[in-house]
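Everything below concerns the one structure shown next.
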Amino acid sequence: MSEDTGYTPPKVWTWDRENGGKWGSLNRPIAGATHEKELPVGRHPFQLYSLATPNGVKVTVMFEELLAAGHAAEYDAWLIRIGDGDQFGSGFVEVNPNSKIPALMDRSGDKPVRVFESGAILMHLAEKFGAFLGQPEDRPELLSWLMWQMGSAPYLGGGFGHFYAYAPFKMEYPISRFAMETKRQLDVLNRHLEGRDWMVGDDITIADIAICPWYGRLVMGEAYDAGEFLSVHEYPHVIAWAERFFARPAVQRGRMVNRTYGEPSSQLWERHDASDFDTKTQDKVQAAE
């Protein structure tokens, strides 16, 4: 075992930012803004403040799928650099008091409406446009899988991903504990997806849009460099589903928005017009500098 087994919890916990691992300089045990900073506002009805993490990708994929389906869902996507603490600016905290991306301001009505938490944003947009909700008789199943994702992903990201990739040193117990739970969740999906193209019904819904940016990335070897460790080849139905999802042109566009890593041609830091995918990816921005 590689961890320090001599730790005894004190009677009262106190915050030590030095023990926070990769995000120790940002995470803190209190809420609220750390600095004054207004958020920019573009010309479209929807103003998204986000980053291309799995939770952020859910929403940009949703917007691009809505646009591809012919809905009037034009949006501005502004980059929130969580590594720089942008999520603690006063303007962002006004939109999301939890200081997590993504956060949305819906300015399509008479009064701006804030929506935070990725699942809530997906539901808000799906209900607003009557899209990607499946058949009415399938709604309980769809909502069940949407809530499953919201409750399960913290075990993958904040649990397995944190201790496997981001903790200041490797600890066998939490890695093993969360690897077991992650594999159990993958098995849940694999069993459900056998003989199915999509999570609910015969077409893509917000259940797929919520789940695949997390678990699809994992089985495609894109998350935490942990594909071999978790033996993701054991989940062929999840892999096939992920391949279908990521092959969709709207999904491919959505994954580019607010992306700050990978090939420059795959990074569109901000999205304010459909033409930005052709003219403002980082390879083109760098070439013009």
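Simple scheme: letters A, B, ... for chains in structure tokens order, numbers from 1 for residues in each chain, numbers from 1 for ligands in the order shown.
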Non-local contacts of region 86-103 of chain A (12 Å; only C-alpha atoms; under 2 positions in same chain excluded) as a PyMOL selection string: chain A and resi 26-41+46-60+76-84+105-106+112-122+258
Now that the selection is made, can you save its residues with C-alpha atoms as a compact mmCIF listing (two decimals), in the first residue's frame?
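This went into part.txt:
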# COMPACT_ATOMS: atom_id res chain seq x y z
CA LEU A 26 -9.09 26.83 -5.77
CA ASN A 27 -11.31 24.60 -3.66
CA ARG A 28 -12.49 26.00 -0.36
CA PRO A 29 -15.12 25.17 2.26
CA ILE A 30 -17.19 28.32 1.74
CA ALA A 31 -19.35 29.68 -1.07
CA GLY A 32 -19.62 33.13 -2.62
CA ALA A 33 -17.54 35.34 -4.86
CA THR A 34 -13.84 35.96 -4.36
CA HIS A 35 -13.61 38.93 -6.72
CA GLU A 36 -15.73 41.36 -8.71
CA LYS A 37 -16.15 40.47 -12.36
CA GLU A 38 -19.14 41.01 -14.61
CA LEU A 39 -20.07 38.39 -17.17
CA PRO A 40 -20.14 39.30 -20.85
CA VAL A 41 -23.46 39.19 -22.70
CA PHE A 46 -29.10 32.08 -24.62
CA GLN A 47 -25.90 32.99 -22.79
CA LEU A 48 -23.83 30.00 -21.69
CA TYR A 49 -20.86 30.28 -19.35
CA SER A 50 -18.93 27.05 -19.39
CA LEU A 51 -15.90 24.89 -20.07
CA ALA A 52 -15.67 21.64 -22.06
CA THR A 53 -15.69 19.30 -19.09
CA PRO A 54 -18.21 16.43 -19.33
CA ASN A 55 -20.85 18.58 -17.62
CA GLY A 56 -20.14 21.50 -19.93
CA VAL A 57 -20.19 19.31 -23.05
CA LYS A 58 -23.68 18.08 -22.18
CA VAL A 59 -25.07 21.56 -22.73
CA THR A 60 -23.12 22.57 -25.84
CA ASP A 76 -23.30 32.53 -27.11
CA ALA A 77 -20.84 30.29 -25.26
CA TRP A 78 -18.37 32.15 -23.06
CA LEU A 79 -15.26 30.45 -21.71
CA ILE A 80 -15.01 30.04 -17.93
CA ARG A 81 -11.49 28.99 -16.98
CA ILE A 82 -12.06 27.13 -13.73
CA GLY A 83 -8.31 26.72 -13.24
CA ASP A 84 -8.08 30.50 -13.01
CA MET A 105 -28.90 32.78 -18.66
CA ASP A 106 -32.04 32.36 -20.75
CA PRO A 112 -33.87 36.79 -17.88
CA VAL A 113 -33.92 33.40 -16.18
CA ARG A 114 -30.89 31.72 -14.66
CA VAL A 115 -30.48 27.96 -14.88
CA PHE A 116 -27.64 26.06 -13.24
CA GLU A 117 -26.73 22.37 -12.88
CA SER A 118 -26.28 20.59 -16.20
CA GLY A 119 -29.27 18.27 -15.77
CA ALA A 120 -31.55 21.22 -15.04
CA ILE A 121 -30.26 23.03 -18.13
CA LEU A 122 -30.94 19.99 -20.31
CA ASN A 258 -15.25 25.98 -24.78
Strand (DSSP E) positions in region 10-54 of chain A, given as a count of residues only: 5
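Among A:Gly159, A:Tyr261, A:Gly216, A:His237, the residue with the shortest atom-to-atom distance to Thr182 (chain A), counting only C-alpha atoms, is A:Gly159.
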Residues within 8 Å of Val200 (chain A), only C-alpha atoms, excluding chain neighbours under 3 positions, as number ranges by chain: A: 134, 138, 141-142, 203-205, 207
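The two atoms in question, CA of Ala247 (chain A) and CA of Cys212 (chain A), are spaced 12.1 Å apart.
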Distance criterion (only C-alpha atoms): nearest to Phe160 (chain A) out of A:Trp148, A:Ile211, A:Ala223, A:Met62: A:Ala223
Exercise: region 224-226 of chain A partners within 12 Å, only C-alpha atoms, chain neighbours under 2 positions left out, as a PyMOL selection string: chain A and resi 156-166+175+179+182-183+214-215+217-222+228-233
Selection near Pro249 (chain A), 12 Å with only C-alpha atoms, sequence-local residues under 6 positions removed, as a PyMOL selection string: chain A and resi 61+64-65+67-69+255-256+277
Helix (DSSP H, G or I) call set, DSSP backbone run, region 63-266 of chain A, as a VMD selection string: chain A and resid 63 to 68 82 to 84 86 to 88 90 to 95 118 to 129 136 to 166 172 to 193 206 to 219 232 to 234 236 to 246 249 to 256 264 to 266
Point-to-point distance from CA of Asp187 (chain A) to CA of Phe245 (chain A), Å rounded to tenths: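 Calculated distance between CA of Asp187 (chain A) and CA of Phe245 (chain A) is 18.5 Å.
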Between CA of Ala131 (chain A) and CA of Leu268 (chain A) - distance in Å to one decimal: 25.4 Å
Tell me, as a PDB file with N, CA and C atoms, in the first residue's frame, which residues lie within 9 Å of Trp241 (chain A), counting only C-alpha atoms; anything in the same chain fewer than 2 positions away does not count.
ATOM      1  N   LEU A 193     -27.902  -1.370 -22.360  1.00  0.00           N
ATOM      2  CA  LEU A 193     -27.731  -1.022 -23.770  1.00  0.00           C
ATOM      3  C   LEU A 193     -27.659  -2.232 -24.696  1.00  0.00           C
ATOM      4  N   ARG A 196     -29.943  -2.229 -27.758  1.00  0.00           N
ATOM      5  CA  ARG A 196     -30.499  -0.880 -27.898  1.00  0.00           C
ATOM      6  C   ARG A 196     -29.504   0.028 -28.609  1.00  0.00           C
ATOM      7  N   ASP A 197     -30.022   0.972 -29.367  1.00  0.00           N
ATOM      8  CA  ASP A 197     -29.169   2.004 -29.935  1.00  0.00           C
ATOM      9  C   ASP A 197     -29.012   3.187 -28.989  1.00  0.00           C
ATOM     10  N   TRP A 198     -30.084   3.491 -28.233  1.00  0.00           N
ATOM     11  CA  TRP A 198     -30.081   4.657 -27.377  1.00  0.00           C
ATOM     12  C   TRP A 198     -30.641   4.296 -26.010  1.00  0.00           C
ATOM     13  N   MET A 199     -30.458   5.172 -25.055  1.00  0.00           N
ATOM     14  CA  MET A 199     -30.824   4.865 -23.679  1.00  0.00           C
ATOM     15  C   MET A 199     -32.319   4.643 -23.511  1.00  0.00           C
ATOM     16  N   CYS A 212     -23.467  10.179 -21.907  1.00  0.00           N
ATOM     17  CA  CYS A 212     -22.334   9.809 -22.763  1.00  0.00           C
ATOM     18  C   CYS A 212     -21.100  10.694 -22.580  1.00  0.00           C
ATOM     19  N   GLY A 216     -19.271   7.568 -21.898  1.00  0.00           N
ATOM     20  CA  GLY A 216     -18.787   7.314 -23.247  1.00  0.00           C
ATOM     21  C   GLY A 216     -17.325   7.671 -23.390  1.00  0.00           C
ATOM     22  N   PRO A 236     -18.839  -3.889 -24.258  1.00  0.00           N
ATOM     23  CA  PRO A 236     -18.955  -3.641 -25.699  1.00  0.00           C
ATOM     24  C   PRO A 236     -20.209  -2.857 -26.083  1.00  0.00           C
ATOM     25  N   HIS A 237     -21.290  -3.014 -25.364  1.00  0.00           N
ATOM     26  CA  HIS A 237     -22.516  -2.296 -25.716  1.00  0.00           C
ATOM     27  C   HIS A 237     -22.397  -0.817 -25.384  1.00  0.00           C
ATOM     28  N   VAL A 238     -21.663  -0.492 -24.326  1.00  0.00           N
ATOM     29  CA  VAL A 238     -21.409   0.911 -24.005  1.00  0.00           C
ATOM     30  C   VAL A 238     -20.493   1.523 -25.061  1.00  0.00           C
ATOM     31  N   ILE A 239     -19.498   0.777 -25.484  1.00  0.00           N
ATOM     32  CA  ILE A 239     -18.576   1.271 -26.515  1.00  0.00           C
ATOM     33  C   ILE A 239     -19.321   1.544 -27.812  1.00  0.00           C
ATOM     34  N   GLU A 243     -19.741   5.174 -29.634  1.00  0.00           N
ATOM     35  CA  GLU A 243     -19.312   5.417 -31.012  1.00  0.00           C
ATOM     36  C   GLU A 243     -20.447   6.042 -31.827  1.00  0.00           C
ATOM     37  N   ARG A 244     -21.680   5.574 -31.644  1.00  0.00           N
ATOM     38  CA  ARG A 244     -22.822   6.180 -32.333  1.00  0.00           C
ATOM     39  C   ARG A 244     -22.999   7.633 -31.919  1.00  0.00           C
ATOM     40  N   PHE A 245     -22.890   7.869 -30.631  1.00  0.00           N
ATOM     41  CA  PHE A 245     -23.103   9.220 -30.107  1.00  0.00           C
ATOM     42  C   PHE A 245     -22.038  10.174 -30.638  1.00  0.00           C
ATOM     43  N   PHE A 246     -20.779   9.813 -30.526  1.00  0.00           N
ATOM     44  CA  PHE A 246     -19.699  10.719 -30.896  1.00  0.00           C
ATOM     45  C   PHE A 246     -19.563  10.881 -32.407  1.00  0.00           C
TER      46      PHE A 246
END
Distance query Asp278 (chain A) at most 10 Å, only C-alpha atoms, self and fewer than 3 positions along chain excluded, as number ranges by chain: A: 265, 268, 274-275, 281, 284
